[in-house]
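Content type TSV, C-alpha atoms, from the file model09.tsv:
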chain	number	residue	atom	x	y	z
A	1062	MET	CA	0.00	0.00	0.00
A	1063	SER	CA	1.30	3.47	-0.82
A	1064	ALA	CA	1.73	6.08	1.87
A	1065	VAL	CA	-0.88	8.78	2.27
A	1066	LEU	CA	0.53	12.10	3.38
A	1067	ALA	CA	-1.69	14.55	5.19
A	1068	GLN	CA	-1.67	18.14	4.08
A	1069	PRO	CA	-0.07	20.38	6.69
A	1070	GLU	CA	-2.60	22.42	8.61
A	1071	VAL	CA	-2.24	25.99	9.72
A	1072	ALA	CA	-2.20	26.43	13.48
A	1073	VAL	CA	-5.16	28.59	14.41
A	1074	GLN	CA	-6.11	29.00	18.05
A	1075	ARG	CA	-9.42	27.38	18.90
A	1076	GLU	CA	-10.93	30.66	20.16
A	1077	VAL	CA	-9.95	32.44	16.94
A	1078	LEU	CA	-11.36	29.62	14.82
A	1079	GLN	CA	-14.61	29.72	16.81
A	1080	ARG	CA	-14.92	33.46	16.15
A	1081	VAL	CA	-14.26	32.95	12.42
A	1082	PHE	CA	-16.89	30.20	12.32
A	1083	ASP	CA	-19.38	32.40	14.20
A	1084	ARG	CA	-18.95	35.27	11.70
A	1085	TYR	CA	-19.09	32.87	8.75
A	1086	HIS	CA	-22.21	31.10	10.02
A	1087	ALA	CA	-23.91	34.46	10.73
A	1088	ALA	CA	-23.19	35.60	7.15
A	1089	TRP	CA	-24.81	32.42	5.81
A	1090	GLU	CA	-27.79	32.83	8.15
A	1091	ALA	CA	-28.16	36.41	6.88
A	1092	LYS	CA	-27.99	35.06	3.30
A	1093	ASP	CA	-25.40	37.73	2.50
A	1094	PRO	CA	-23.04	36.56	-0.28
A	1095	ASP	CA	-20.89	39.70	0.07
A	1096	ALA	CA	-20.31	39.08	3.77
A	1097	ILE	CA	-19.58	35.41	3.08
A	1098	VAL	CA	-16.96	36.03	0.39
A	1099	ALA	CA	-15.35	38.76	2.49
A	1100	LEU	CA	-14.36	35.90	4.83
A	1101	HIS	CA	-12.69	33.97	1.98
A	1102	THR	CA	-9.21	34.47	0.51
A	1103	GLU	CA	-8.97	35.84	-3.04
A	1104	ASP	CA	-8.15	32.37	-4.42
A	1105	SER	CA	-10.46	30.37	-2.15
A	1106	THR	CA	-12.32	27.40	-3.61
A	1107	PHE	CA	-15.74	25.83	-3.13
A	1108	ALA	CA	-17.05	22.45	-4.22
A	1109	LEU	CA	-20.38	20.75	-3.72
A	1110	ARG	CA	-19.28	17.12	-3.71
A	1111	GLY	CA	-21.63	14.97	-5.68
A	1112	GLY	CA	-22.56	17.70	-8.12
A	1113	GLY	CA	-21.01	20.73	-9.71
A	1114	ASP	CA	-17.52	21.89	-10.51
A	1115	ARG	CA	-15.11	23.43	-8.02
A	1116	VAL	CA	-15.21	27.22	-8.28
A	1117	ARG	CA	-12.27	29.48	-7.46
A	1118	GLY	CA	-12.04	33.12	-6.44
A	1119	ARG	CA	-14.33	35.52	-4.64
A	1120	ALA	CA	-16.33	36.55	-7.72
A	1121	ALA	CA	-17.14	32.93	-8.64
A	1122	LEU	CA	-17.90	32.09	-4.99
A	1123	ARG	CA	-20.21	35.07	-4.68
A	1124	GLN	CA	-22.10	34.01	-7.78
A	1125	ARG	CA	-22.44	30.40	-6.56
A	1126	PHE	CA	-23.58	31.43	-3.07
A	1127	ALA	CA	-26.05	34.01	-4.41
A	1128	GLN	CA	-27.55	31.27	-6.60
A	1129	VAL	CA	-28.14	29.11	-3.52
A	1130	PHE	CA	-30.16	31.94	-1.98
A	1131	LEU	CA	-32.16	32.37	-5.20
A	1132	ASP	CA	-32.84	28.63	-5.47
A	1133	PHE	CA	-33.75	28.23	-1.79
A	1134	PRO	CA	-34.83	31.66	-0.51
A	1135	GLY	CA	-36.31	30.46	2.76
A	1136	TYR	CA	-33.85	27.76	3.69
A	1137	ARG	CA	-32.81	27.32	7.29
A	1138	ALA	CA	-29.77	25.60	8.73
A	1139	GLU	CA	-29.99	23.36	11.77
A	1140	VAL	CA	-26.53	22.75	13.19
A	1141	ASP	CA	-26.05	19.18	14.36
A	1142	ARG	CA	-22.36	19.17	15.27
A	1143	LEU	CA	-19.32	21.44	14.93
A	1144	LEU	CA	-15.78	20.07	15.22
A	1145	LEU	CA	-12.89	22.56	15.37
A	1146	GLY	CA	-9.37	21.46	14.42
A	1147	ASP	CA	-6.08	23.10	13.57
A	1148	GLY	CA	-6.93	25.40	10.69
A	1149	HIS	CA	-10.26	23.81	9.82
A	1150	TRP	CA	-13.74	22.97	10.96
A	1151	VAL	CA	-16.19	20.21	10.14
A	1152	LEU	CA	-19.87	21.10	10.37
A	1153	GLU	CA	-22.70	18.58	10.26
A	1154	TRP	CA	-25.94	20.36	9.53
A	1155	THR	CA	-29.37	19.94	8.04
A	1156	MET	CA	-30.84	22.19	5.36
A	1157	VAL	CA	-34.52	22.72	6.05
A	1158	VAL	CA	-36.41	24.26	3.15
A	1159	ASP	CA	-40.06	24.68	2.24
A	1160	LEU	CA	-40.65	23.69	-1.38
A	1161	PRO	CA	-43.64	23.53	-3.70
A	1162	ALA	CA	-44.61	19.96	-4.56
A	1163	VAL	CA	-45.45	18.79	-8.07
A	1164	ASP	CA	-48.96	17.90	-6.84
A	1165	GLY	CA	-49.65	21.58	-6.13
A	1166	GLY	CA	-49.11	21.41	-2.38
A	1167	ALA	CA	-46.01	22.24	-0.40
A	1168	PHE	CA	-43.65	20.28	1.81
A	1169	THR	CA	-40.66	20.79	4.05
A	1170	ALA	CA	-37.48	19.04	2.89
A	1171	ARG	CA	-34.69	18.09	5.28
A	1172	ILE	CA	-31.31	17.39	3.66
A	1173	ALA	CA	-28.23	16.44	5.68
A	1174	LEU	CA	-24.91	18.06	4.73
A	1175	VAL	CA	-21.31	18.08	5.96
A	1176	ASP	CA	-18.98	21.05	5.41
A	1177	VAL	CA	-15.20	20.77	5.64
A	1178	VAL	CA	-13.70	24.25	5.76
A	1179	ASP	CA	-9.99	25.19	5.76
A	1180	VAL	CA	-8.92	28.49	7.34
A	1181	ASP	CA	-5.58	30.29	7.02
A	1182	ALA	CA	-3.57	32.00	9.77
A	1183	ALA	CA	-5.30	35.31	8.97
A	1184	GLY	CA	-8.67	33.73	9.72
A	1185	LEU	CA	-9.89	33.57	6.12
A	1186	VAL	CA	-11.48	30.57	4.45
A	1187	THR	CA	-9.19	29.03	1.83
A	1188	ARG	CA	-11.34	26.05	0.84
A	1189	LYS	CA	-14.86	24.79	1.47
A	1190	ASP	CA	-16.11	21.36	0.48
A	1191	VAL	CA	-19.72	20.33	1.08
A	1192	TRP	CA	-21.02	16.77	1.01
A	1193	VAL	CA	-24.77	16.33	0.62
A	1194	ASP	CA	-26.91	13.29	1.44
A	1195	GLY	CA	-27.67	12.36	-2.15
A	1196	ALA	CA	-30.69	10.19	-1.35
A	1197	GLN	CA	-32.36	12.94	0.67
A	1198	GLN	CA	-31.55	15.53	-1.98
A	1199	ALA	CA	-32.88	13.33	-4.82
A	1200	ALA	CA	-36.11	12.59	-2.93
A	1201	ALA	CA	-36.73	16.28	-2.21
A	1202	TYR	CA	-35.95	17.32	-5.78
A	1203	ARG	CA	-38.19	14.58	-7.18
A	1204	ARG	CA	-41.06	15.65	-4.96
A	1205	ALA	CA	-40.54	19.28	-6.04
A	1206	GLY	CA	-40.17	18.38	-9.72
A	1207	ARG	CA	-36.58	19.67	-9.83
A	1208	THR	CA	-33.35	18.18	-11.07
A	1209	PRO	CA	-30.23	18.41	-8.88

Would it be possible to restate this file's structure as structure tokens?
Amino acid sequence: MSAVLAQPEVAVQREVLQRVFDRYHAAWEAKDPDAIVALHTEDSTFALRGGGDRVRGRAALRQRFAQVFLDFPGYRAEVDRLLLGDGHWVLEWTMVVDLPAVDGGAFTARIALVDVVDVDAAGLVTRKDVWVDGAQQAAAYRRAGRTP
């Protein structure tokens, strides 16, 4: 078996990382793409694993995040668990969103997600990867008549 080398992490004090997360989470809760990208480095990347290409740079990130708010204007995030590490956090959360159903009614979808976010020594996000529960997403999209 070949060796797997871990990427070196930036040492960021836990209290500092918690404050960065708090500001970042508040910007998402406010659905403010400008505030979100202000917390990213110029060359930061974002990828929704299981769909979509990785985007790079604040302008591309802003566009991607703004689209999320257009696609799901009333979504809410329920935080399940936050793990802070050296220079990163892992967030387990559930997207809760009210959607119109193809039968003319409405329903509330619950989709589990996991974010892995890298942060540099200056407290800016350098990379964000999001994993989505594909079965939950597919079921919600089907019921809403959407394609992922």

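The space between atom CA of A:Asp1190 and atom CA of A:Arg1123 spans 15.2 Å.
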
Give me the stretch 1084-1181 of chain A side of the contact with stretch 1196-1208 of chain A, cut-off 8 Å, one line per residue showing its nearest atom pair and distance in Å at one decimal, counting all atoms listed in the file, sorted by chain and residue number, as a tab-separated table.
residue	atom	partner	partner_atom	distance
A:Leu1160	CA	A:Ala1205	CA	6.4
A:Pro1161	CA	A:Ala1205	CA	5.8
A:Ala1162	CA	A:Ala1205	CA	4.4
A:Val1163	CA	A:Ala1205	CA	5.3
A:Ala1170	CA	A:Ala1201	CA	5.8
A:Arg1171	CA	A:Gln1197	CA	7.3
A:Ile1172	CA	A:Gln1197	CA	5.5
A:Ala1173	CA	A:Gln1197	CA	7.4

Near-A:Phe1133 list (10 Å; all atoms listed in the file; drop same-chain fewer than 5 positions) as number ranges by chain
A: 1127-1128, 1156-1160

Gap from atom CA of A:Tyr1085 to atom CA of A:Arg1117 - Å, one decimal:
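Rounded to one decimal, the two atoms are 17.9 Å apart.
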
Expressed in Å to a single decimal, how great is the separation between atom CA of A:Thr1106 and atom CA of A:Phe1130?
18.5 Å

Return the single residue from A:Ala1087, A:Ala1121, A:Ala1183, A:Ala1167 that is closest to A:Ser1105, with distances computed using all atoms listed in the file.
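The answer is A:Ala1121, which sits nearest to A:Ser1105.
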
Which residues are near stretch 1072-1081 of chain A? Cut-off 6 Å, all atoms listed in the file, ignore same chain within fewer than 5 positions. Put them as a PyMOL selection string.
chain A and resi 1147-1148+1182

Could those selected residues go to a file with C-alpha atoms, as a compact mmCIF listing (two decimals), in the frame of the given file?
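Ended up saving to again31.txt:
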# COMPACT_ATOMS: atom_id res chain seq x y z
CA ASP A 1147 -6.08 23.10 13.57
CA GLY A 1148 -6.93 25.40 10.69
CA ALA A 1182 -3.57 32.00 9.77

Residue neighbourhood A:Leu1143, 10 Å, all atoms listed in the file, exclusion window fewer than 3 positions, as a list of chain:residue names:
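My list of contacting residues is A:Gln1079, A:Phe1082, A:Val1140, A:Gly1146, A:Trp1150, A:Val1151, A:Leu1152, A:Glu1153, A:Trp1154, A:Val1175, A:Asp1176.
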
Could the residues of stretch 1081-1115 of chain A that have an atom at most 10 Å from stretch 1191-1195 of chain A be listed as a tab-separated table, each with its closest atom pair and the distance in Å to one decimal, counting all atoms listed in the file and ordered by chain and ascending residue number?
residue	atom	partner	partner_atom	distance
A:Phe1107	CA	A:Val1191	CA	8.0
A:Ala1108	CA	A:Val1191	CA	6.3
A:Leu1109	CA	A:Val1191	CA	4.9
A:Arg1110	CA	A:Trp1192	CA	5.0
A:Gly1111	CA	A:Trp1192	CA	7.0
A:Gly1112	CA	A:Val1193	CA	9.1

Counting only C-alpha atoms, the residue of A:Leu1122, A:Val1129, A:Leu1144, A:Ile1097 that sits nearest A:Leu1185:
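Between A:Leu1122, A:Val1129, A:Leu1144, A:Ile1097, the residue approaching A:Leu1185 most closely is A:Ile1097.
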
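Remark: for A:Thr1187, the closest of the candidate residues A:Asp1095, A:Glu1103, A:Glu1090, A:Asp1083 is A:Glu1103 (distances computed over all atoms listed in the file).
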
Identify which of the residues A:Leu1131, A:Thr1102, A:Ala1096, A:Arg1084 lies closest to A:Gly1118, counting all atoms listed in the file when measuring atom-to-atom distances.
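Nearest candidate to A:Gly1118 out of A:Leu1131, A:Thr1102, A:Ala1096, A:Arg1084: A:Thr1102.
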
Can we get stretch 1081-1192 of chain A of that structure written down with C-alpha atoms, as a PDB file, in the first residue's frame?
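The resulting file, selection30.pdb, is reproduced below:
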ATOM      1  CA  VAL A1081     -14.259  32.945  12.423  1.00  0.00           C
ATOM      2  CA  PHE A1082     -16.890  30.203  12.324  1.00  0.00           C
ATOM      3  CA  ASP A1083     -19.384  32.399  14.196  1.00  0.00           C
ATOM      4  CA  ARG A1084     -18.951  35.267  11.701  1.00  0.00           C
ATOM      5  CA  TYR A1085     -19.093  32.871   8.750  1.00  0.00           C
ATOM      6  CA  HIS A1086     -22.211  31.104  10.018  1.00  0.00           C
ATOM      7  CA  ALA A1087     -23.907  34.464  10.734  1.00  0.00           C
ATOM      8  CA  ALA A1088     -23.194  35.599   7.148  1.00  0.00           C
ATOM      9  CA  TRP A1089     -24.808  32.424   5.807  1.00  0.00           C
ATOM     10  CA  GLU A1090     -27.790  32.830   8.148  1.00  0.00           C
ATOM     11  CA  ALA A1091     -28.163  36.413   6.879  1.00  0.00           C
ATOM     12  CA  LYS A1092     -27.994  35.063   3.302  1.00  0.00           C
ATOM     13  CA  ASP A1093     -25.400  37.734   2.500  1.00  0.00           C
ATOM     14  CA  PRO A1094     -23.038  36.565  -0.283  1.00  0.00           C
ATOM     15  CA  ASP A1095     -20.886  39.702   0.068  1.00  0.00           C
ATOM     16  CA  ALA A1096     -20.308  39.084   3.774  1.00  0.00           C
ATOM     17  CA  ILE A1097     -19.578  35.414   3.078  1.00  0.00           C
ATOM     18  CA  VAL A1098     -16.960  36.031   0.388  1.00  0.00           C
ATOM     19  CA  ALA A1099     -15.353  38.757   2.492  1.00  0.00           C
ATOM     20  CA  LEU A1100     -14.364  35.897   4.827  1.00  0.00           C
ATOM     21  CA  HIS A1101     -12.685  33.974   1.975  1.00  0.00           C
ATOM     22  CA  THR A1102      -9.210  34.470   0.512  1.00  0.00           C
ATOM     23  CA  GLU A1103      -8.968  35.844  -3.036  1.00  0.00           C
ATOM     24  CA  ASP A1104      -8.154  32.369  -4.424  1.00  0.00           C
ATOM     25  CA  SER A1105     -10.463  30.374  -2.154  1.00  0.00           C
ATOM     26  CA  THR A1106     -12.325  27.401  -3.609  1.00  0.00           C
ATOM     27  CA  PHE A1107     -15.744  25.834  -3.128  1.00  0.00           C
ATOM     28  CA  ALA A1108     -17.053  22.452  -4.220  1.00  0.00           C
ATOM     29  CA  LEU A1109     -20.379  20.753  -3.721  1.00  0.00           C
ATOM     30  CA  ARG A1110     -19.283  17.124  -3.708  1.00  0.00           C
ATOM     31  CA  GLY A1111     -21.634  14.973  -5.678  1.00  0.00           C
ATOM     32  CA  GLY A1112     -22.562  17.696  -8.125  1.00  0.00           C
ATOM     33  CA  GLY A1113     -21.011  20.733  -9.713  1.00  0.00           C
ATOM     34  CA  ASP A1114     -17.521  21.887 -10.506  1.00  0.00           C
ATOM     35  CA  ARG A1115     -15.111  23.432  -8.023  1.00  0.00           C
ATOM     36  CA  VAL A1116     -15.213  27.221  -8.279  1.00  0.00           C
ATOM     37  CA  ARG A1117     -12.270  29.475  -7.456  1.00  0.00           C
ATOM     38  CA  GLY A1118     -12.042  33.119  -6.445  1.00  0.00           C
ATOM     39  CA  ARG A1119     -14.327  35.519  -4.643  1.00  0.00           C
ATOM     40  CA  ALA A1120     -16.333  36.546  -7.724  1.00  0.00           C
ATOM     41  CA  ALA A1121     -17.143  32.932  -8.635  1.00  0.00           C
ATOM     42  CA  LEU A1122     -17.904  32.089  -4.994  1.00  0.00           C
ATOM     43  CA  ARG A1123     -20.213  35.069  -4.677  1.00  0.00           C
ATOM     44  CA  GLN A1124     -22.101  34.006  -7.783  1.00  0.00           C
ATOM     45  CA  ARG A1125     -22.445  30.403  -6.561  1.00  0.00           C
ATOM     46  CA  PHE A1126     -23.585  31.428  -3.073  1.00  0.00           C
ATOM     47  CA  ALA A1127     -26.052  34.015  -4.413  1.00  0.00           C
ATOM     48  CA  GLN A1128     -27.551  31.274  -6.596  1.00  0.00           C
ATOM     49  CA  VAL A1129     -28.136  29.106  -3.520  1.00  0.00           C
ATOM     50  CA  PHE A1130     -30.165  31.937  -1.978  1.00  0.00           C
ATOM     51  CA  LEU A1131     -32.163  32.371  -5.202  1.00  0.00           C
ATOM     52  CA  ASP A1132     -32.835  28.629  -5.474  1.00  0.00           C
ATOM     53  CA  PHE A1133     -33.751  28.225  -1.790  1.00  0.00           C
ATOM     54  CA  PRO A1134     -34.827  31.663  -0.512  1.00  0.00           C
ATOM     55  CA  GLY A1135     -36.306  30.459   2.763  1.00  0.00           C
ATOM     56  CA  TYR A1136     -33.851  27.761   3.691  1.00  0.00           C
ATOM     57  CA  ARG A1137     -32.809  27.316   7.293  1.00  0.00           C
ATOM     58  CA  ALA A1138     -29.773  25.595   8.728  1.00  0.00           C
ATOM     59  CA  GLU A1139     -29.989  23.361  11.774  1.00  0.00           C
ATOM     60  CA  VAL A1140     -26.530  22.747  13.194  1.00  0.00           C
ATOM     61  CA  ASP A1141     -26.052  19.178  14.358  1.00  0.00           C
ATOM     62  CA  ARG A1142     -22.360  19.175  15.269  1.00  0.00           C
ATOM     63  CA  LEU A1143     -19.322  21.437  14.931  1.00  0.00           C
ATOM     64  CA  LEU A1144     -15.784  20.068  15.219  1.00  0.00           C
ATOM     65  CA  LEU A1145     -12.891  22.561  15.370  1.00  0.00           C
ATOM     66  CA  GLY A1146      -9.371  21.455  14.424  1.00  0.00           C
ATOM     67  CA  ASP A1147      -6.078  23.097  13.570  1.00  0.00           C
ATOM     68  CA  GLY A1148      -6.926  25.399  10.694  1.00  0.00           C
ATOM     69  CA  HIS A1149     -10.265  23.807   9.824  1.00  0.00           C
ATOM     70  CA  TRP A1150     -13.740  22.970  10.961  1.00  0.00           C
ATOM     71  CA  VAL A1151     -16.194  20.213  10.138  1.00  0.00           C
ATOM     72  CA  LEU A1152     -19.871  21.100  10.369  1.00  0.00           C
ATOM     73  CA  GLU A1153     -22.696  18.582  10.259  1.00  0.00           C
ATOM     74  CA  TRP A1154     -25.939  20.362   9.529  1.00  0.00           C
ATOM     75  CA  THR A1155     -29.375  19.944   8.044  1.00  0.00           C
ATOM     76  CA  MET A1156     -30.837  22.185   5.357  1.00  0.00           C
ATOM     77  CA  VAL A1157     -34.520  22.723   6.053  1.00  0.00           C
ATOM     78  CA  VAL A1158     -36.413  24.259   3.153  1.00  0.00           C
ATOM     79  CA  ASP A1159     -40.057  24.677   2.235  1.00  0.00           C
ATOM     80  CA  LEU A1160     -40.645  23.688  -1.377  1.00  0.00           C
ATOM     81  CA  PRO A1161     -43.639  23.531  -3.696  1.00  0.00           C
ATOM     82  CA  ALA A1162     -44.612  19.958  -4.558  1.00  0.00           C
ATOM     83  CA  VAL A1163     -45.452  18.791  -8.065  1.00  0.00           C
ATOM     84  CA  ASP A1164     -48.964  17.900  -6.835  1.00  0.00           C
ATOM     85  CA  GLY A1165     -49.651  21.582  -6.129  1.00  0.00           C
ATOM     86  CA  GLY A1166     -49.106  21.407  -2.383  1.00  0.00           C
ATOM     87  CA  ALA A1167     -46.005  22.235  -0.398  1.00  0.00           C
ATOM     88  CA  PHE A1168     -43.651  20.282   1.808  1.00  0.00           C
ATOM     89  CA  THR A1169     -40.656  20.790   4.048  1.00  0.00           C
ATOM     90  CA  ALA A1170     -37.484  19.038   2.888  1.00  0.00           C
ATOM     91  CA  ARG A1171     -34.687  18.087   5.281  1.00  0.00           C
ATOM     92  CA  ILE A1172     -31.313  17.388   3.663  1.00  0.00           C
ATOM     93  CA  ALA A1173     -28.229  16.438   5.684  1.00  0.00           C
ATOM     94  CA  LEU A1174     -24.908  18.058   4.732  1.00  0.00           C
ATOM     95  CA  VAL A1175     -21.312  18.078   5.962  1.00  0.00           C
ATOM     96  CA  ASP A1176     -18.976  21.047   5.415  1.00  0.00           C
ATOM     97  CA  VAL A1177     -15.197  20.765   5.641  1.00  0.00           C
ATOM     98  CA  VAL A1178     -13.701  24.251   5.762  1.00  0.00           C
ATOM     99  CA  ASP A1179      -9.991  25.195   5.760  1.00  0.00           C
ATOM    100  CA  VAL A1180      -8.917  28.494   7.336  1.00  0.00           C
ATOM    101  CA  ASP A1181      -5.578  30.291   7.017  1.00  0.00           C
ATOM    102  CA  ALA A1182      -3.569  31.995   9.770  1.00  0.00           C
ATOM    103  CA  ALA A1183      -5.298  35.307   8.973  1.00  0.00           C
ATOM    104  CA  GLY A1184      -8.674  33.730   9.724  1.00  0.00           C
ATOM    105  CA  LEU A1185      -9.889  33.573   6.118  1.00  0.00           C
ATOM    106  CA  VAL A1186     -11.481  30.573   4.447  1.00  0.00           C
ATOM    107  CA  THR A1187      -9.190  29.026   1.828  1.00  0.00           C
ATOM    108  CA  ARG A1188     -11.345  26.052   0.842  1.00  0.00           C
ATOM    109  CA  LYS A1189     -14.856  24.792   1.466  1.00  0.00           C
ATOM    110  CA  ASP A1190     -16.112  21.355   0.475  1.00  0.00           C
ATOM    111  CA  VAL A1191     -19.719  20.334   1.084  1.00  0.00           C
ATOM    112  CA  TRP A1192     -21.024  16.772   1.005  1.00  0.00           C
TER     113      TRP A1192
END
